[in-house]
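Below is final.pdb, which holds PDB, C-alpha atoms and all ligand atoms.
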ATOM      1  CA  MET A 135      -9.739  19.096   2.361
ATOM      2  CA  PHE A 136     -11.117  16.438   4.686
ATOM      3  CA  ASP A 137     -14.821  16.911   5.497
ATOM      4  CA  LEU A 138     -15.240  15.256   8.907
ATOM      5  CA  PRO A 139     -18.893  16.356   9.484
ATOM      6  CA  LYS A 140     -19.862  14.914   6.088
ATOM      7  CA  ILE A 141     -18.394  11.523   6.991
ATOM      8  CA  GLU A 142     -20.158  11.619  10.367
ATOM      9  CA  LYS A 143     -23.451  12.299   8.620
ATOM     10  CA  ALA A 144     -22.863   9.495   6.126
ATOM     11  CA  VAL A 145     -21.930   6.973   8.816
ATOM     12  CA  LYS A 146     -25.057   7.858  10.785
ATOM     13  CA  MET A 147     -27.101   7.259   7.634
ATOM     14  CA  ILE A 148     -25.420   3.898   7.056
ATOM     15  CA  LEU A 149     -26.185   2.852  10.634
ATOM     16  CA  GLU A 150     -29.820   3.799  10.103
ATOM     17  CA  ALA A 151     -29.907   2.028   6.736
ATOM     18  CA  ILE A 152     -28.677  -1.270   8.200
ATOM     19  CA  GLY A 153     -31.441  -1.149  10.776
ATOM     20  CA  GLU A 154     -29.334   0.039  13.722
ATOM     21  CA  ASP A 155     -30.191   2.781  16.164
ATOM     22  CA  PRO A 156     -27.412   5.406  15.867
ATOM     23  CA  ASN A 157     -28.559   6.899  19.161
ATOM     24  CA  ARG A 158     -28.008   3.798  21.255
ATOM     25  CA  GLU A 159     -25.216   4.174  23.775
ATOM     26  CA  GLY A 160     -22.550   2.132  21.997
ATOM     27  CA  LEU A 161     -23.083   3.874  18.666
ATOM     28  CA  VAL A 162     -23.492   7.507  19.668
ATOM     29  CA  GLU A 163     -19.811   8.340  19.176
ATOM     30  CA  THR A 164     -19.276   5.929  16.284
ATOM     31  CA  PRO A 165     -19.761   8.419  13.411
ATOM     32  CA  THR A 166     -17.151  10.727  14.974
ATOM     33  CA  ARG A 167     -14.749   7.837  15.549
ATOM     34  CA  VAL A 168     -15.152   6.591  11.986
ATOM     35  CA  ALA A 169     -14.607  10.085  10.568
ATOM     36  CA  LYS A 170     -11.353  10.437  12.529
ATOM     37  CA  MET A 171     -10.297   6.943  11.485
ATOM     38  CA  TYR A 172     -10.894   7.744   7.806
ATOM     39  CA  GLN A 173      -8.874  10.902   8.177
ATOM     40  CA  GLU A 174      -6.006   8.745   9.406
ATOM     41  CA  ILE A 175      -6.247   5.803   7.020
ATOM     42  CA  PHE A 176      -6.838   8.001   3.966
ATOM     43  CA  ALA A 177      -4.144  10.527   4.863
ATOM     44  CA  GLY A 178      -2.273   9.628   1.664
ATOM     45  CA  ILE A 179      -4.922  11.277  -0.522
ATOM     46  CA  GLY A 180      -3.510  14.516  -1.866
ATOM     47  CA  GLU A 181      -0.077  13.713  -0.467
ATOM     48  CA  ASN A 182       2.866  13.091  -2.764
ATOM     49  CA  PRO A 183       4.654  10.206  -1.031
ATOM     50  CA  ALA A 184       7.522  10.363  -3.545
ATOM     51  CA  ALA A 185       8.635  13.553  -1.771
ATOM     52  CA  HIS A 186       9.954  11.367   1.080
ATOM     53  CA  LEU A 187      12.728  10.341  -1.301
ATOM     54  CA  ASP A 188      13.900  13.894  -1.916
ATOM     55  CA  LYS A 189      16.196  13.724   1.091
ATOM     56  CA  THR A 190      19.113  11.576  -0.015
ATOM     57  CA  PHE A 191      22.693  11.142   1.012
ATOM     58  CA  SER A 192      25.836  10.137  -0.710
ATOM     59  CA  GLU A 193      27.180   6.613  -0.295
ATOM     60  CA  GLU A 194      29.064   4.745  -3.001
ATOM     61  CA  HIS A 195      27.056   1.522  -2.804
ATOM     62  CA  GLU A 196      26.143   0.311  -6.272
ATOM     63  CA  GLU A 197      24.797  -3.015  -5.030
ATOM     64  CA  MET A 198      21.361  -4.115  -3.978
ATOM     65  CA  VAL A 199      19.565  -2.481  -1.066
ATOM     66  CA  LEU A 200      16.503  -4.406   0.074
ATOM     67  CA  VAL A 201      14.007  -3.379   2.748
ATOM     68  CA  LYS A 202      11.878  -6.439   3.426
ATOM     69  CA  ASP A 203       8.617  -7.010   5.266
ATOM     70  CA  ILE A 204       7.421  -3.411   5.355
ATOM     71  CA  PRO A 205       3.992  -3.701   7.009
ATOM     72  CA  LEU A 206       1.191  -2.669   4.733
ATOM     73  CA  PHE A 207      -2.384  -1.636   5.496
ATOM     74  CA  SER A 208      -4.457  -0.297   2.635
ATOM     75  CA  MET A 209      -8.109  -0.063   1.612
ATOM     76  CA  CYS A 210      -9.548  -1.900  -1.366
ATOM     77  CA  GLU A 211     -11.115   0.755  -3.549
ATOM     78  CA  HIS A 212     -13.907  -1.560  -4.692
ATOM     79  CA  HIS A 213     -15.305  -2.463  -1.269
ATOM     80  CA  LEU A 214     -13.619  -0.045   1.160
ATOM     81  CA  VAL A 215     -12.404  -2.873   3.359
ATOM     82  CA  PRO A 216      -8.755  -3.412   4.210
ATOM     83  CA  PHE A 217      -6.134  -5.366   2.385
ATOM     84  CA  LEU A 218      -3.039  -6.011   4.437
ATOM     85  CA  GLY A 219       0.289  -7.668   4.187
ATOM     86  CA  LYS A 220       3.876  -6.765   3.415
ATOM     87  CA  ALA A 221       5.838  -4.820   0.856
ATOM     88  CA  HIS A 222       9.444  -5.446  -0.160
ATOM     89  CA  VAL A 223      11.434  -2.726  -1.916
ATOM     90  CA  CYS A 224      14.770  -3.462  -3.567
ATOM     91  CA  TYR A 225      16.900  -1.039  -5.572
ATOM     92  CA  ILE A 226      20.443  -0.562  -6.839
ATOM     93  CA  PRO A 227      21.616   3.024  -6.207
ATOM     94  CA  ARG A 228      23.366   4.942  -8.964
ATOM     95  CA  ASN A 229      25.958   7.713  -8.544
ATOM     96  CA  GLY A 230      25.934   7.257  -4.774
ATOM     97  CA  LYS A 231      22.327   8.484  -4.459
ATOM     98  CA  VAL A 232      20.997   6.595  -1.460
ATOM     99  CA  THR A 233      17.819   7.226   0.513
ATOM    100  CA  GLY A 234      17.201   6.640   4.204
ATOM    101  CA  LEU A 235      15.730   3.163   4.732
ATOM    102  CA  SER A 236      12.753   4.507   6.659
ATOM    103  CA  LYS A 237      11.866   6.682   3.668
ATOM    104  CA  LEU A 238      11.066   3.550   1.665
ATOM    105  CA  ALA A 239       8.613   2.495   4.383
ATOM    106  CA  ARG A 240       7.127   6.026   4.390
ATOM    107  CA  LEU A 241       6.746   5.788   0.622
ATOM    108  CA  VAL A 242       4.806   2.531   0.955
ATOM    109  CA  GLU A 243       2.632   4.003   3.697
ATOM    110  CA  GLY A 244       1.833   7.145   1.693
ATOM    111  CA  PHE A 245       0.625   5.210  -1.316
ATOM    112  CA  ALA A 246      -1.248   2.694   0.877
ATOM    113  CA  ARG A 247      -3.278   5.311   2.749
ATOM    114  CA  ARG A 248      -5.821   5.905   0.018
ATOM    115  CA  PRO A 249      -8.419   3.791  -1.764
ATOM    116  CA  GLN A 250      -6.184   1.451  -3.729
ATOM    117  CA  LEU A 251      -5.680  -1.483  -6.026
ATOM    118  CA  GLN A 252      -2.769  -3.742  -5.175
ATOM    119  CA  GLU A 253      -1.390  -3.562  -8.718
ATOM    120  CA  ARG A 254      -1.464   0.259  -8.749
ATOM    121  CA  LEU A 255       0.106   0.470  -5.304
ATOM    122  CA  THR A 256       2.980  -1.798  -6.415
ATOM    123  CA  LYS A 257       3.563   0.209  -9.581
ATOM    124  CA  GLN A 258       3.410   3.587  -7.822
ATOM    125  CA  ILE A 259       6.082   2.552  -5.313
ATOM    126  CA  ALA A 260       8.427   1.334  -8.068
ATOM    127  CA  ASP A 261       7.872   4.391 -10.273
ATOM    128  CA  ALA A 262       8.504   6.790  -7.386
ATOM    129  CA  VAL A 263      11.831   5.132  -6.585
ATOM    130  CA  MET A 264      12.867   5.244 -10.268
ATOM    131  CA  ASP A 265      11.770   8.848 -10.613
ATOM    132  CA  ARG A 266      13.339  10.283  -7.468
ATOM    133  CA  LEU A 267      16.507   8.208  -7.008
ATOM    134  CA  ASN A 268      17.339   7.435 -10.644
ATOM    135  CA  PRO A 269      18.753   4.039  -9.574
ATOM    136  CA  TYR A 270      20.004   1.258 -11.855
ATOM    137  CA  GLY A 271      16.803  -0.613 -11.120
ATOM    138  CA  VAL A 272      13.968  -1.383  -8.722
ATOM    139  CA  VAL A 273      11.984  -4.465  -7.731
ATOM    140  CA  VAL A 274       8.871  -4.067  -5.610
ATOM    141  CA  VAL A 275       6.899  -7.063  -4.366
ATOM    142  CA  VAL A 276       3.639  -6.715  -2.446
ATOM    143  CA  GLU A 277       1.935  -9.648  -0.749
ATOM    144  CA  ALA A 278      -1.489  -9.057   0.729
ATOM    145  CA  GLU A 279      -4.708 -10.613   1.908
ATOM    146  CA  HIS A 280      -7.828  -8.801   0.769
ATOM    147  CA  LEU A 281     -10.597  -8.879   3.359
ATOM    148  CA  CYS A 282     -13.128  -8.425   0.543
ATOM    149  CA  MET A 283     -12.080 -11.937  -0.521
ATOM    150  CA  SER A 284     -11.877 -13.348   3.013
ATOM    151  CA  MET A 285     -14.833 -12.091   5.013
ATOM    152  CA  ARG A 286     -17.354 -11.666   2.203
ATOM    153  CA  GLY A 287     -17.960 -12.567  -1.444
ATOM    154  CA  VAL A 288     -15.956 -15.630  -2.410
ATOM    155  CA  ARG A 289     -14.912 -16.173   1.256
ATOM    156  CA  ALA A 290     -11.442 -17.501   0.619
ATOM    157  CA  PRO A 291      -9.549 -16.576   3.795
ATOM    158  CA  GLY A 292      -5.819 -17.191   3.543
ATOM    159  CA  ALA A 293      -5.665 -16.471  -0.188
ATOM    160  CA  HIS A 294      -2.708 -14.176  -0.784
ATOM    161  CA  THR A 295      -2.152 -11.942  -3.778
ATOM    162  CA  VAL A 296       1.425 -11.311  -4.823
ATOM    163  CA  THR A 297       2.226  -8.464  -7.225
ATOM    164  CA  SER A 298       5.547  -7.240  -8.508
ATOM    165  CA  ALA A 299       6.871  -4.245 -10.391
ATOM    166  CA  VAL A 300      10.283  -4.546 -12.004
ATOM    167  CA  ARG A 301      12.174  -1.596 -13.475
ATOM    168  CA  GLY A 302      15.556  -0.747 -15.000
ATOM    169  CA  ILE A 303      18.427  -3.240 -14.942
ATOM    170  CA  PHE A 304      16.251  -5.916 -13.301
ATOM    171  CA  LEU A 305      14.217  -6.116 -16.515
ATOM    172  CA  LYS A 306      17.245  -6.926 -18.681
ATOM    173  CA  ASN A 307      19.451  -8.795 -16.263
ATOM    174  CA  GLU A 308      17.891 -12.106 -15.360
ATOM    175  CA  ALA A 309      20.571 -12.993 -12.783
ATOM    176  CA  SER A 310      20.028  -9.716 -10.866
ATOM    177  CA  ARG A 311      16.273 -10.180 -10.940
ATOM    178  CA  ALA A 312      16.589 -13.783  -9.697
ATOM    179  CA  GLU A 313      18.921 -12.637  -6.889
ATOM    180  CA  ALA A 314      16.482  -9.914  -5.828
ATOM    181  CA  MET A 315      13.519 -12.274  -5.924
ATOM    182  CA  SER A 316      15.327 -14.975  -3.965
ATOM    183  CA  LEU A 317      16.329 -12.453  -1.256
ATOM    184  CA  ILE A 318      12.767 -11.137  -1.138
ATOM    185  CA  LEU A 319      11.141 -14.544  -0.936
ATOM    186  CA  LYS A 320      13.746 -16.192   1.355
ATOM    187  CA  CYS A 321      12.593 -17.309   4.813
ATOM    188  CA  GLN A 322       8.972 -16.434   4.262
TER
HETATM  189  N1  LIG B 401      -7.129  -6.740  -9.546
HETATM  190  C1  LIG B 401      -7.559  -6.410  -8.326
HETATM  191  N2  LIG B 401      -8.797  -6.758  -7.963
HETATM  192  C2  LIG B 401      -9.180  -6.431  -6.718
HETATM  193  C3  LIG B 401      -8.393  -5.757  -5.800
HETATM  194  N3  LIG B 401      -9.087  -5.591  -4.654
HETATM  195  C4  LIG B 401     -10.285  -6.159  -4.869
HETATM  196  N4  LIG B 401     -10.353  -6.682  -6.121
HETATM  197  C5  LIG B 401     -11.419  -7.389  -6.849
HETATM  198  O1  LIG B 401     -12.300  -6.462  -7.400
HETATM  199  C6  LIG B 401     -13.362  -7.222  -7.932
HETATM  200  C7  LIG B 401     -14.636  -6.412  -7.955
HETATM  201  O2  LIG B 401     -15.544  -7.215  -8.634
HETATM  202  P1  LIG B 401     -17.089  -6.877  -8.833
HETATM  203  O3  LIG B 401     -17.711  -8.014  -9.597
HETATM  204  O4  LIG B 401     -17.210  -5.497  -9.394
HETATM  205  O5  LIG B 401     -17.620  -6.784  -7.327
HETATM  206  P2  LIG B 401     -18.290  -7.929  -6.427
HETATM  207  O6  LIG B 401     -19.603  -8.326  -7.008
HETATM  208  O7  LIG B 401     -18.318  -7.413  -5.037
HETATM  209  O8  LIG B 401     -17.253  -9.137  -6.602
HETATM  210  P3  LIG B 401     -16.929 -10.363  -5.631
HETATM  211  O9  LIG B 401     -15.829  -9.944  -4.725
HETATM  212  O10 LIG B 401     -16.487 -11.468  -6.561
HETATM  213  O11 LIG B 401     -18.171 -10.699  -4.869
HETATM  214  C8  LIG B 401     -13.405  -8.495  -7.119
HETATM  215  O12 LIG B 401     -13.058  -9.572  -7.951
HETATM  216  C9  LIG B 401     -12.296  -8.283  -6.049
HETATM  217  O13 LIG B 401     -11.655  -9.484  -5.676
HETATM  218  C10 LIG B 401      -7.074  -5.394  -6.218
HETATM  219  O14 LIG B 401      -6.297  -4.782  -5.490
HETATM  220  N5  LIG B 401      -6.715  -5.756  -7.485
HETATM  221 ZN    ZN B 402     -12.364  -5.387  -2.437
END

Translate this file's structure into C-alpha cells.
Amino acid sequence: MFDLPKIEKAVKMILEAIGEDPNREGLVETPTRVAKMYQEIFAGIGENPAAHLDKTFSEEHEEMVLVKDIPLFSMCEHHLVPFLGKAHVCYIPRNGKVTGLSKLARLVEGFARRPQLQERLTKQIADAVMDRLNPYGVVVVVEAEHLCMSMRGVRAPGAHTVTSAVRGIFLKNEASRAEAMSLILKCQ
C-alpha cells in the first residue's frame, strides 16, 4: 500500500530541514509531485516481475537469444539517488520455451523500480529467467553509473560499474560464455 500523504508530509519536512520555505510558490506543489514520482519509480515494490515471463510461446530455437541495451533506471538503496545505465539479458531456451522479447525488458524494469543494489538487481534478473523459463543458461550484464558516486561523496563522474550473473550452461561452457560476453560487449 503506497502512502502518498505520508510522503508529502516527509518531503515538506525535508524542505523545512534544509532551510527552504515549503510555502514559496515554486515549492508548494513539490511534496505532491515527489509523492507521485515515488509511486512511479518504486512501483516494483510488492510486484513479482518474474510473472512477466509466465506468458511464453513455443519456438524450437535452442541457440542464444540476447536483448541488449535495455535502458535501466533504478534507485540506490543507500542514498536514494538514481543509478542508471543498461542491462543485457542473454539466454538459451530449452524445450522450445521462449518468452516475448519485451518481457525481458519488463523484468528488468520491475526489479529496477525499487530501492536496489546493482549486484542484487543483476542476480534477481538472472534467477527469474532460470526459474520461469528453465533455459539451458542465462547471462545478465548490468552497466550503470551511480549518481551517489558522481554528484556527491567521492565525486567520480563517468565511473561505471559492471556486474554479471551467469547461470546454467554458461558456467560450465567457457566457449558459450565467451560468445555471450563478446556479443554483449560488442560495439559499446
Ligand atoms: N556494492 C554496491 N555498493 C553500492 C551500490 N550503490 C551504492 N553503493 C555504495 O554503498 C556504499 C555506502 O557506503 P557508506 O560508507 O555506508 O556511505 P557513505 O558514507 O555515504 O559512503 P560514500 O559514498 O563513500 O561517501 C558506498 O560505497 C556506495 O558507493 C551498489 O549498487 N552496490
Ligand atoms: Zn548510493

Residues up to 6 Å from ligand ZN 402 (chain B), counting all atoms listed in the file: could you list those as a PDB file with C-alpha atoms, in the coordinates of the input?
ATOM      1  CA  CYS A 210      -9.548  -1.900  -1.366  1.00  0.00           C
ATOM      2  CA  HIS A 212     -13.907  -1.560  -4.692  1.00  0.00           C
ATOM      3  CA  HIS A 213     -15.305  -2.463  -1.269  1.00  0.00           C
ATOM      4  CA  CYS A 282     -13.128  -8.425   0.543  1.00  0.00           C
TER       5      CYS A 282
END

Kindly provide the residues of chain A that approach ligand LIG 401 (chain B) to within 8 Å, each paired with its closest atom pair and their distance in Å to one decimal, based on only C-alpha atoms and all ligand atoms, listed by chain and increasing number, as CSV.
residue,atom,partner,partner_atom,distance
A:Cys210,CA,B:LIG401,N3,5.0
A:Glu211,CA,B:LIG401,N3,6.8
A:His212,CA,B:LIG401,O1,5.8
A:His213,CA,B:LIG401,O7,6.9
A:Phe217,CA,B:LIG401,N3,7.6
A:Gln250,CA,B:LIG401,O14,6.5
A:Leu251,CA,B:LIG401,O14,3.4
A:Gln252,CA,B:LIG401,O14,3.7
A:Glu253,CA,B:LIG401,N5,5.9
A:Arg254,CA,B:LIG401,O14,7.7
A:His280,CA,B:LIG401,N3,6.4
A:Cys282,CA,B:LIG401,O9,6.1
A:Met283,CA,B:LIG401,O13,5.7
A:Arg286,CA,B:LIG401,O11,7.2
A:Gly287,CA,B:LIG401,O11,3.9
A:Val288,CA,B:LIG401,O10,5.9

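Relative to atom CA of Thr166 of chain A, atom CA of Leu255 of chain A is found at 28.5 Å.
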
Worksheet item: Mind pulling up the distance from atom CA of Gly180 of chain A to atom CA of Lys146 of chain A?
Response: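 Rounded to one decimal, the two atoms are 25.9 Å apart.
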
With the PyMOL selection byres (((chain A and resi 135) around 10) and not hetatm) as the selection, what would be picked from this file? Answer as a short mmCIF file (atom, residue, chain, number, x, y, z; two decimals) with C-alpha atoms, keeping the file's coordinate frame, please.
data_model
loop_
_atom_site.label_atom_id
_atom_site.label_comp_id
_atom_site.auth_asym_id
_atom_site.auth_seq_id
_atom_site.Cartn_x
_atom_site.Cartn_y
_atom_site.Cartn_z
CA PHE A 136 -11.12 16.44 4.69
CA ASP A 137 -14.82 16.91 5.50
CA LEU A 138 -15.24 15.26 8.91
CA ILE A 179 -4.92 11.28 -0.52
CA GLY A 180 -3.51 14.52 -1.87
#

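For segment 182-194 of chain A, the set of protein, DNA and RNA residues having any atom at most 6 Å away, when counting only C-alpha atoms and skipping those fewer than 2 positions along the same chain, is A:Gly230, A:Lys231, A:Val232, A:Thr233, A:Lys237, A:Leu241, A:Gly244, A:Ala262.
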
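The residues caught by the PyMOL selection byres (((chain A and resi 304) around 12) and not hetatm) in this file are Met198, Cys224, Tyr225, Ile226, Ala260, Pro269, Tyr270, Gly271, Val272, Val273, Val274, Ser298, Ala299, Val300, Arg301, Gly302, Ile303, Leu305, Lys306, Asn307, Glu308, Ala309, Ser310, Arg311, Ala312, Glu313, Ala314 and Met315 of chain A.
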
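Of the listed residues (A:Ala169, A:Leu218, A:Leu267, A:Leu206), A:Leu206 comes nearest to Arg240 of chain A; the distances count only C-alpha atoms.
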
Fill in: Contacts of Tyr172 of chain A at 12 Å (all atoms listed in the file; same-chain gap of 5+ positions) as a VMD selection string
chain A and resid 136 to 142 145 165 to 167 177 to 179 208 to 209 214 to 216 247 to 249

Worksheet item: Separation of atom CA of Glu174 of chain A and atom CA of Glu243 of chain A, in Å?
Response: 11.4 Å

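Using all atoms listed in the file, the smallest distance between any of A:Met171, A:Val263, A:Val201, A:Ala239 and Val223 of chain A comes from A:Val201.
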
Discussion item. When you count only C-alpha atoms, which of these residues is closest to Ala246 of chain A: A:Pro205, A:Gly234, A:Gly292, A:Pro227?
Written reply: A:Pro205

Practice prompt. Using the chain letters and numbers from the file, give me the residues hit by the PyMOL selection byres (((chain A and resi 276) around 6) and not hetatm), as number ranges by chain.
Written response: A: 220-221, 275, 277, 296-297

Worksheet entry | Pick from A:Ala293, A:Met264, A:Ile175, A:Leu238 nearest to Asp203 of chain A, counting only C-alpha atoms | A:Leu238
